[in-house]
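Source file: data-v5.pdb; contents: PDB, C-alpha atoms.
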ATOM      1  CA  MET A   3     114.143  77.274  76.658
ATOM      2  CA  LYS A   4     112.067  80.209  75.528
ATOM      3  CA  ARG A   5     110.953  82.656  78.198
ATOM      4  CA  ASN A   6     107.393  83.815  78.461
ATOM      5  CA  LYS A   7     107.116  87.614  78.437
ATOM      6  CA  ALA A   8     104.700  87.475  81.367
ATOM      7  CA  THR A   9     107.303  85.875  83.663
ATOM      8  CA  VAL A  10     110.219  88.191  82.901
ATOM      9  CA  LEU A  11     110.520  91.074  85.342
ATOM     10  CA  THR A  12     111.616  94.425  84.038
ATOM     11  CA  PHE A  13     114.612  96.139  85.592
ATOM     12  CA  ALA A  14     112.303  98.615  87.341
ATOM     13  CA  GLU A  15     110.183  95.784  88.787
ATOM     14  CA  LYS A  16     113.293  94.040  90.130
ATOM     15  CA  CYS A  17     114.407  97.278  91.806
ATOM     16  CA  LYS A  18     110.940  97.826  93.258
ATOM     17  CA  ASN A  19     110.889  94.274  94.653
ATOM     18  CA  ILE A  20     114.286  94.706  96.331
ATOM     19  CA  LEU A  21     113.179  98.013  97.842
ATOM     20  CA  ALA A  22     109.863  96.583  99.070
ATOM     21  CA  SER A  23     111.411  93.402 100.511
ATOM     22  CA  ASN A  24     113.630  95.139 103.047
ATOM     23  CA  TRP A  25     113.268  97.666 105.879
ATOM     24  CA  GLN A  26     116.864  98.784 106.303
ATOM     25  CA  GLY A  27     119.238 100.589 103.985
ATOM     26  CA  SER A  28     122.304 102.819 103.890
ATOM     27  CA  LEU A  29     121.710 106.541 103.617
ATOM     28  CA  ASN A  30     124.545 108.736 102.343
ATOM     29  CA  THR A  31     124.543 112.522 102.687
ATOM     30  CA  ILE A  32     127.215 115.147 102.111
ATOM     31  CA  LYS A  33     128.829 116.253 105.385
ATOM     32  CA  ALA A  34     128.191 119.856 106.299
ATOM     33  CA  ASP A  35     130.189 122.250 108.435
ATOM     34  CA  ALA A  36     130.218 125.991 109.151
ATOM     35  CA  LYS A  37     131.514 126.693 105.630
ATOM     36  CA  GLY A  38     128.784 124.660 103.900
ATOM     37  CA  SER A  39     128.862 121.310 102.125
ATOM     38  CA  LYS A  40     132.143 119.533 101.632
ATOM     39  CA  GLY A  41     133.074 116.513  99.586
ATOM     40  CA  ASN A  42     133.006 114.093 102.534
ATOM     41  CA  ILE A  43     130.150 111.627 102.857
ATOM     42  CA  HIS A  44     128.302 110.562 106.011
ATOM     43  CA  THR A  45     126.804 107.049 105.834
ATOM     44  CA  SER A  46     124.622 105.198 108.296
ATOM     45  CA  LYS A  47     122.093 102.374 108.349
ATOM     46  CA  ILE A  48     118.536 103.575 108.731
ATOM     47  CA  LYS A  49     115.093 102.000 108.622
ATOM     48  CA  TYR A  50     112.534 102.845 105.975
ATOM     49  CA  ILE A  51     109.202 101.915 104.467
ATOM     50  CA  VAL A  52     107.900 102.238 100.924
ATOM     51  CA  ARG A  53     104.577 103.992 100.447
ATOM     52  CA  ARG A  54     103.103 104.532  96.982
ATOM     53  CA  GLY A  55     106.463 103.794  95.410
ATOM     54  CA  GLN A  56     108.369 106.348  97.519
ATOM     55  CA  PRO A  57     110.876 105.422 100.235
ATOM     56  CA  TYR A  58     110.265 107.143 103.578
ATOM     57  CA  LEU A  59     113.314 107.186 105.820
ATOM     58  CA  TRP A  60     113.356 107.169 109.631
ATOM     59  CA  VAL A  61     116.559 108.915 110.738
ATOM     60  CA  PRO A  62     117.385 109.065 114.476
ATOM     61  CA  GLU A  63     117.223 112.664 115.734
ATOM     62  CA  ASN A  64     120.847 112.616 116.911
ATOM     63  CA  ASP A  65     122.185 111.495 113.499
ATOM     64  CA  LEU A  66     124.380 113.830 111.443
ATOM     65  CA  HIS A  67     122.062 113.370 108.418
ATOM     66  CA  ASN A  68     119.610 115.814 110.031
ATOM     67  CA  VAL A  69     122.201 118.618 109.897
ATOM     68  CA  ASN A  70     123.572 117.609 106.499
ATOM     69  CA  THR A  71     120.175 117.751 104.764
ATOM     70  CA  ILE A  72     119.529 121.300 106.003
ATOM     71  CA  ILE A  73     122.667 122.490 104.170
ATOM     72  CA  ASP A  74     122.508 120.141 101.167
ATOM     73  CA  GLU A  75     119.523 117.868 100.570
ATOM     74  CA  ARG A  76     121.251 115.659  98.007
ATOM     75  CA  GLY A  77     121.790 112.065  99.011
ATOM     76  CA  SER A  78     121.883 108.453  97.945
ATOM     77  CA  PHE A  79     120.149 105.423  99.386
ATOM     78  CA  ALA A  80     121.329 101.818  98.946
ATOM     79  CA  VAL A  81     119.337  98.669  99.736
ATOM     80  CA  THR A  82     120.282  95.008  99.357
ATOM     81  CA  SER A  83     117.978  92.057  98.976
ATOM     82  CA  PRO A  84     117.656  90.453 102.420
ATOM     83  CA  TYR A  85     118.795  86.861 102.824
ATOM     84  CA  PRO A  86     117.956  85.227 106.137
ATOM     85  CA  GLY A  87     120.647  83.814 108.433
ATOM     86  CA  PRO A  88     122.292  80.626 107.129
ATOM     87  CA  LEU A  89     121.353  81.274 103.486
ATOM     88  CA  GLY A  90     123.016  84.690 103.582
ATOM     89  CA  ILE A  91     126.165  83.236 105.151
ATOM     90  CA  LEU A  92     126.309  80.482 102.514
ATOM     91  CA  LEU A  93     125.871  82.897  99.606
ATOM     92  CA  LYS A  94     128.528  85.248 100.984
ATOM     93  CA  SER A  95     130.963  82.331 101.350
ATOM     94  CA  LEU A  96     130.378  81.542  97.656
ATOM     95  CA  LYS A  97     131.016  85.210  96.839
ATOM     96  CA  LYS A  98     127.447  85.556  95.581
ATOM     97  CA  LEU A  99     126.475  88.997  96.762
ATOM     98  CA  PRO A 100     122.776  89.750  97.145
ATOM     99  CA  ALA A 101     120.995  91.861  94.565
ATOM    100  CA  ARG A 102     121.128  95.520  95.491
ATOM    101  CA  ILE A 103     119.984  98.906  94.286
ATOM    102  CA  ALA A 104     121.214 102.448  94.804
ATOM    103  CA  LEU A 105     119.048 105.515  94.383
ATOM    104  CA  SER A 106     120.173 109.117  94.103
ATOM    105  CA  GLY A 107     117.974 112.069  94.868
ATOM    106  CA  ASP A 108     116.888 114.530  97.515
ATOM    107  CA  VAL A 109     116.297 113.791 101.196
ATOM    108  CA  LEU A 110     113.288 115.940 102.110
ATOM    109  CA  PRO A 111     111.916 116.281 105.667
ATOM    110  CA  LEU A 112     108.199 115.660 106.177
ATOM    111  CA  LYS A 113     105.955 118.166 107.883
ATOM    112  CA  GLU A 114     104.711 117.142 111.334
ATOM    113  CA  ASP A 115     101.167 116.231 110.218
ATOM    114  CA  LYS A 116     102.410 114.173 107.260
ATOM    115  CA  ALA A 117     104.924 112.353 109.495
ATOM    116  CA  LYS A 118     102.185 111.530 112.014
ATOM    117  CA  SER A 119      99.918 110.225 109.243
ATOM    118  CA  LEU A 120     102.730 108.037 107.912
ATOM    119  CA  ALA A 121     103.431 106.628 111.392
ATOM    120  CA  GLU A 122      99.726 105.749 111.737
ATOM    121  CA  LYS A 123      99.810 104.007 108.359
ATOM    122  CA  LEU A 124     102.890 102.060 109.450
ATOM    123  CA  GLN A 125     101.003 100.893 112.550
ATOM    124  CA  GLU A 126      98.093  99.705 110.349
ATOM    125  CA  VAL A 127     100.427  97.798 108.034
ATOM    126  CA  MET A 128     102.166  96.091 110.938
ATOM    127  CA  LEU A 129      98.847  95.023 112.472
ATOM    128  CA  SER A 130      97.625  93.630 109.144
ATOM    129  CA  GLU A 131     100.882  91.676 108.721
ATOM    130  CA  LYS A 132     100.527  90.143 112.183
ATOM    131  CA  LYS A 133      96.896  89.267 111.438
ATOM    132  CA  ALA A 134      97.882  87.609 108.141
ATOM    133  CA  ILE A 135     100.580  85.546 109.872
ATOM    134  CA  LYS A 136      98.041  84.312 112.433
ATOM    135  CA  GLU A 137      95.710  83.221 109.613
ATOM    136  CA  PHE A 138      98.338  81.081 107.842
ATOM    137  CA  THR A 139      97.981  77.321 107.828
ATOM    138  CA  TYR A 140      99.558  75.274 110.587
ATOM    139  CA  THR A 141     102.478  74.258 108.323
ATOM    140  CA  VAL A 142     103.337  77.825 107.326
ATOM    141  CA  SER A 143     103.013  79.006 110.941
ATOM    142  CA  GLY A 144     105.402  76.230 112.012
ATOM    143  CA  VAL A 145     108.021  77.263 109.468
ATOM    144  CA  LEU A 146     107.735  80.922 110.480
ATOM    145  CA  SER A 147     107.965  80.184 114.198
ATOM    146  CA  SER A 148     110.932  77.821 113.767
ATOM    147  CA  SER A 149     112.890  80.516 111.934
ATOM    148  CA  ALA A 150     112.085  83.106 114.600
ATOM    149  CA  SER A 151     115.289  82.381 116.522
ATOM    150  CA  SER A 152     117.540  83.330 113.608
ATOM    151  CA  SER A 153     115.526  86.121 112.008
ATOM    152  CA  THR A 154     112.784  88.571 112.846
ATOM    153  CA  SER A 155     109.876  89.801 110.797
ATOM    154  CA  ARG A 156     109.779  93.180 109.148
ATOM    155  CA  SER A 157     107.091  94.264 111.624
ATOM    156  CA  ASP A 158     109.276  93.351 114.587
ATOM    157  CA  ASN A 159     112.134  95.412 113.161
ATOM    158  CA  LEU A 160     109.935  98.403 112.367
ATOM    159  CA  GLN A 161     108.213  98.328 115.780
ATOM    160  CA  ASP A 162     111.124 100.349 117.213
ATOM    161  CA  LEU A 163     110.121 103.272 115.001
ATOM    162  CA  LEU A 164     106.819 103.653 116.815
ATOM    163  CA  GLY A 165     108.164 103.254 120.348
ATOM    164  CA  ASP A 166     109.182 105.976 122.760
ATOM    165  CA  ASN A 167     112.772 104.747 123.184
ATOM    166  CA  GLU A 168     114.230 106.856 120.380
ATOM    167  CA  ARG A 169     112.943 109.845 118.430
ATOM    168  CA  TYR A 170     113.177 110.007 114.647
ATOM    169  CA  THR A 171     112.930 112.558 111.885
ATOM    170  CA  ILE A 172     111.035 111.206 108.886
ATOM    171  CA  TYR A 173     112.191 112.056 105.376
ATOM    172  CA  ARG A 174     110.877 111.344 101.919
ATOM    173  CA  PHE A 175     113.526 110.194  99.472
ATOM    174  CA  LYS A 176     112.672 111.851  96.160
ATOM    175  CA  THR A 177     114.595 110.251  93.303
ATOM    176  CA  ARG A 178     115.981 112.485  90.570
TER     177      ARG A 178
END

Would you mind writing the file's structure down as structure tokens?
Amino acid sequence: MKRNKATVLTFAEKCKNILASNWQGSLNTIKADAKGSKGNIHTSKIKYIVRRGQPYLWVPENDLHNVNTIIDERGSFAVTSPYPGPLGILLKSLKKLPARIALSGDVLPLKEDKAKSLAEKLQEVMLSEKKAIKEFTYTVSGVLSSSASSSTSRSDNLQDLLGDNERYTIYRFKTR
């Protein structure tokens, strides 16, 4: 069967789709101490959004990444394609790992005004997603509500970023 060029995604498009389809990834930074950067790596799961093709990372204020990036801003960021509940379990049992990407670059803190603007944009996006879900047909709404017990929407997961429960430092991940 011959493939149509219009239906084949480029490698970059596949990576962009994986990055845009998730809200959580693994950030890796080089551990820092009083003597500077060492070869050890600190890794943790963080939440992020993509805006104009750039990942913006929300790192909890008490995370070691905040100290590490002051000493050495280099880092890597890995994201896997999300598979909901039972499908993910089935694929893992078949040893079919989800598609994933890893980016290397610099983890750069945002200035206060830019971070506030990005948080406002996140709020707008979440409201528009909720509005779109409400406007779906009855069938689509039924499917979404029936899966609610095993998975949550991206908006529900990102809502924590805007709450007062935990404070975050927002970074831009600039690929090299």

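Restricting the calculation to only C-alpha atoms, the smallest distance between Ala101 in chain A and any of A:Thr141, A:Thr177, A:Asn24, A:Ser83 is found for A:Ser83.
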
I'd like the neighbourhood of Glu168 in chain A as a ChimeraX atom specification, where a residue qualifies if any of its atoms comes within 9 Å (using all atoms listed in the file), though same-chain residues fewer than 6 positions away should be ignored. /A:62-63,162

Spatial neighbours of range 28-37 of chain A, max dist 8 Å, all atoms listed in the file, sep filter under 5 positions, as number ranges by chain: A: 42-48, 66-67, 69-71, 73-81

One decimal, in Å: what's the spacing between CA of Leu164 in chain A and CA of Leu112 in chain A?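 Computed distance, CA of Leu164 in chain A to CA of Leu112 in chain A, equals 16.1 Å.
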
For a test of reading the model, state the distance in Å between CA of Gly90 in chain A and CA of Ser23 in chain A, rounded to one decimal.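 Answer for the CA of Gly90 in chain A to CA of Ser23 in chain A separation: 14.8 Å.
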
Taking (111.7, 107.9, 118.4) in the file's coordinates as the center, which residues reach within 12 Å of it, counting all atoms listed in the file, put as number ranges by chain? A: 49, 60-64, 121, 160-172

Report, in Å with one decimal, the straight-line distance from CA of Trp25 in chain A to CA of Lys118 in chain A.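 CA of Trp25 in chain A sits 18.8 Å away from CA of Lys118 in chain A.
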
Place a sphere of radius 12 Å on (116.6, 91.8, 89.5) in the file coordinates and name every protein, DNA or RNA residue with an atom inside or on its surface, counting all atoms listed in the file; give the answer as a ChimeraX atom specification. /A:10-21,82-83,100-103

Selected residue, from A:Met128, A:Ile135, A:Ala22, A:Leu92, that lies nearest to Gln56 in chain A when counting all atoms listed in the file: A:Ala22
